[in-house]
2 protein chains.
Amino acid sequence: MPYTAAIDLAGLDQRVGYMLRQAQLAVFDDFIASQRGAVTRPGQFAILMVIAGSPGLSQTQVCKTLGIKRANLVAAIDDLESLGWVRRDASASDRRSNRLQLTTAGQRALKNALDDQSVHEARITRLLGAASRRALLKQLAKLCELRKTRSSV
Amino acid sequence: MPYTAAIDLAGLDQRVGYMLRQAQLAVFDDFIASQRGAVTRPGQFAILMVIAGSPGLSQTQVCKTLGIKRANLVAAIDDLESLGWVRRDASASDRRSNRLQLTTAGQRALKNALDDQSVHEARITRLLGAASRRALLKQLAKLCELRKTRSSV
DNA sequence: GCAAAATGTTATACATCATAACATTTTGCC
DNA sequence: GGCAAAATGTTATGATGTATAACATTTTGC
């Protein structure tokens, strides 16, 4: 038996949580496969996007934007710094915090990643249809409202 | 500043992958919060559902159904066994494989988990509307088609 | 001026997910 | 029938994502 047919999911495929998780894994896999450069992981991509969109952000601000913990951003920025894509500049007004900037190499890397991401996003649009994709984004935004007050300790 | 307003997401909230991930995290959190009994994690819930729906399944069959690796199911079944919810019965026809069964305690635990899950699912339906929820499930199923040939080594 | 809060950091723990290797058993084929 | 190939459950291991606690330094609030 080269390909065993799917067994009974016992109604799991009618639960939003289960299907959300499966779709998320599929989409992330497709994202990663579409990345031909050095930016591979969605998390790294998101961090670069936020820094590029608001140069000079502190690490805490990036954490609040993306909903991640301060402690977990440290290693991520370390990686991006050792890739030569991000700089931690000292803030003039607050000696505790860093101002994050993309280097020119970082801008180039993000541009490539964005180009690859466009192909990925276009594949999704082709699969769903443009109108359905827009509706999906709205529904996902609504589901995010389930989040209580976001704690970013 | 007790609550810092959201900073610029730089268009991330228009990418399906990012919004899928955020929605999945929100929904999983809500699922976990709605579970009042001992079944807490979505993964455990999914395993119980599949075994309950097809008693006698082997571990490999559960893995193929849920798209998880054989190696990773071992500890999960170990846990469910030590909770007294699942039994590994020896298969009469294949001495390599186990036939998985819910114990009566496992059936009771799953029933409670399902009751709590219904409240969670109803909250989602109230948030989206019944028709939108149905449309969402269809779109998520389509996104799952992005998966190449699933490898379950 | 001083207690309280914020910032980046380290250490740590846990859950999820992946691969490789192994002993045992079954299957497929000649 | 016999034997290579495949399947099954398992162990070990590593990468990733996420969570908390604690700390030194610095800033804020009163």
# chains A, B, ... in the order shown; residues from 1 in each chain; ligands from 1

$ closest_atom_pairs --of "chain D" --to "chain B" --cutoff "8 Å" --atoms "only C-alpha atoms (C1' of nucleotides)" --output "JSON lines"
{"residue": "D:DT8", "atom": "C1'", "partner": "B:Arg96", "partner_atom": "CA", "distance": 5.3}
{"residue": "D:DG9", "atom": "C1'", "partner": "B:Ser97", "partner_atom": "CA", "distance": 7.0}
{"residue": "D:DT10", "atom": "C1'", "partner": "B:Ala71", "partner_atom": "CA", "distance": 7.3}

$ closest_atom_pairs --of "chain C" --to "chain A" --cutoff "9 Å" --atoms "only C-alpha atoms (C1' of nucleotides)" --output "tab-separated table"
residue	atom	partner	partner_atom	distance
C:DA6	C1'	A:Arg96	CA	8.6
C:DT7	C1'	A:Arg96	CA	5.3
C:DG8	C1'	A:Ser97	CA	7.0
C:DT9	C1'	A:Ala71	CA	7.3
C:DT10	C1'	A:Ala71	CA	8.8

$ write_last_selection --atoms "C-alpha atoms (C1' of nucleotides)" --output "PDB file, in the first residue's frame"
ATOM      1  C1'  DA C   6      11.088  49.586  32.354  1.00  0.00           C
ATOM      2  C1'  DT C   7      14.848  47.453  29.419  1.00  0.00           C
ATOM      3  C1'  DG C   8      17.786  44.018  27.841  1.00  0.00           C
ATOM      4  C1'  DT C   9      19.706  39.871  29.283  1.00  0.00           C
ATOM      5  C1'  DT C  10      20.645  35.034  31.115  1.00  0.00           C
TER       6       DT C  10
END

$ interface_residues --of "chain B" --to "chain A" --cutoff "8 Å" --atoms "only C-alpha atoms" --output "ChimeraX atom specification"
/B:6-10,12,14-24,26-31,42,46,49-50,52-54,61,64-66,121,124,127-128,132-133,136-137,139-147

$ closest_residue --among "A:Ala130, A:Ala122, A:Gly106, A:Glu81" --to "Val39 (chain A)" --atoms "only C-alpha atoms"
A:Gly106

$ atom_distance --atom1 "C1' of DA15 (chain C)" --atom2 "C1' of DG17 (chain D)"
8.6 Å

$ select_by_dssp --residues "chain A" --states "helix (DSSP H, G or I)" --output "MDAnalysis selection string"
chainID A and resid 12:14 16:34 42:53 59:66 70:82 104:128 130:144

$ atom_distance --atom1 "CA of Asp89 (chain A)" --atom2 "C1' of DT25 (chain D)"
17.0 Å

$ select_by_dssp --residues "region 22-127 of chain A" --states "strand (DSSP E or B)" --output "JSON, numbers by chain"
{"A": [86, 87, 88, 89, 90, 98, 99, 100, 101, 102]}

$ residues_around --residues "DC30 (chain D)" --least-positions-apart "3" --cutoff "12 Å" --atoms "only C-alpha atoms (C1' of nucleotides)" --output "MDAnalysis selection string"
chainID C and resid 1:4

$ write_last_selection --atoms "all heavy atoms" --output "compact mmCIF listing (two decimals), in the first residue's frame"
# COMPACT_ATOMS: atom_id res chain seq x y z
P DG C 1 19.26 65.09 45.91
OP1 DG C 1 20.07 65.46 47.08
OP2 DG C 1 19.89 64.43 44.77
O5' DG C 1 18.03 64.19 46.43
C5' DG C 1 17.74 64.13 47.81
C4' DG C 1 16.85 62.96 48.06
O4' DG C 1 15.69 63.00 47.17
C3' DG C 1 17.50 61.59 47.83
O3' DG C 1 16.90 60.69 48.77
C2' DG C 1 17.07 61.25 46.40
C1' DG C 1 15.65 61.82 46.38
N9 DG C 1 15.19 62.23 45.05
C8 DG C 1 15.91 62.78 44.03
N7 DG C 1 15.20 63.06 42.98
C5 DG C 1 13.92 62.67 43.32
C6 DG C 1 12.71 62.71 42.57
O6 DG C 1 12.53 63.15 41.42
N1 DG C 1 11.63 62.20 43.29
C2 DG C 1 11.72 61.71 44.57
N2 DG C 1 10.61 61.26 45.10
N3 DG C 1 12.85 61.66 45.27
C4 DG C 1 13.90 62.14 44.58
P DC C 2 17.64 59.34 49.22
OP1 DC C 2 18.24 59.54 50.54
OP2 DC C 2 18.47 58.88 48.08
O5' DC C 2 16.38 58.36 49.36
C5' DC C 2 15.06 58.92 49.25
C4' DC C 2 14.08 57.89 48.70
O4' DC C 2 13.61 58.33 47.40
C3' DC C 2 14.66 56.50 48.48
O3' DC C 2 13.62 55.56 48.67
C2' DC C 2 15.08 56.55 47.02
C1' DC C 2 13.93 57.36 46.43
N1 DC C 2 14.28 58.06 45.16
C2 DC C 2 13.24 58.41 44.28
O2 DC C 2 12.07 58.15 44.60
N3 DC C 2 13.56 59.05 43.14
C4 DC C 2 14.83 59.33 42.84
N4 DC C 2 15.09 59.96 41.70
C5 DC C 2 15.90 58.96 43.72
C6 DC C 2 15.57 58.33 44.85
P DA C 3 13.94 54.02 49.01
OP1 DA C 3 14.01 53.89 50.48
OP2 DA C 3 15.08 53.59 48.17
O5' DA C 3 12.63 53.26 48.50
C5' DA C 3 11.35 53.69 48.97
C4' DA C 3 10.32 53.56 47.86
O4' DA C 3 10.73 54.38 46.73
C3' DA C 3 10.14 52.14 47.30
O3' DA C 3 8.75 51.90 47.10
C2' DA C 3 10.92 52.16 45.99
C1' DA C 3 10.75 53.60 45.55
N9 DA C 3 11.85 54.10 44.71
C8 DA C 3 13.19 54.04 44.99
N7 DA C 3 13.95 54.59 44.07
C5 DA C 3 13.05 55.04 43.13
C6 DA C 3 13.22 55.72 41.89
N6 DA C 3 14.41 56.05 41.40
N1 DA C 3 12.11 56.01 41.20
C2 DA C 3 10.91 55.66 41.70
N3 DA C 3 10.62 55.04 42.84
C4 DA C 3 11.75 54.75 43.51
P DA C 4 8.24 50.47 46.56
OP1 DA C 4 6.94 50.21 47.18
OP2 DA C 4 9.35 49.51 46.71
O5' DA C 4 8.00 50.74 45.00
C5' DA C 4 7.13 51.79 44.60
C4' DA C 4 7.06 51.87 43.09
O4' DA C 4 8.29 52.42 42.56
C3' DA C 4 6.87 50.51 42.40
O3' DA C 4 5.92 50.68 41.36
C2' DA C 4 8.27 50.20 41.83
C1' DA C 4 8.79 51.60 41.52
N9 DA C 4 10.25 51.70 41.53
C8 DA C 4 11.12 51.19 42.45
N7 DA C 4 12.38 51.47 42.21
C5 DA C 4 12.33 52.23 41.05
C6 DA C 4 13.34 52.83 40.27
N6 DA C 4 14.64 52.77 40.55
N1 DA C 4 12.94 53.51 39.17
C2 DA C 4 11.64 53.58 38.87
N3 DA C 4 10.60 53.05 39.54
C4 DA C 4 11.02 52.38 40.63

$ atom_distance --atom1 "CA of Gln44 (chain B)" --atom2 "C1' of DA18 (chain C)"
19.2 Å
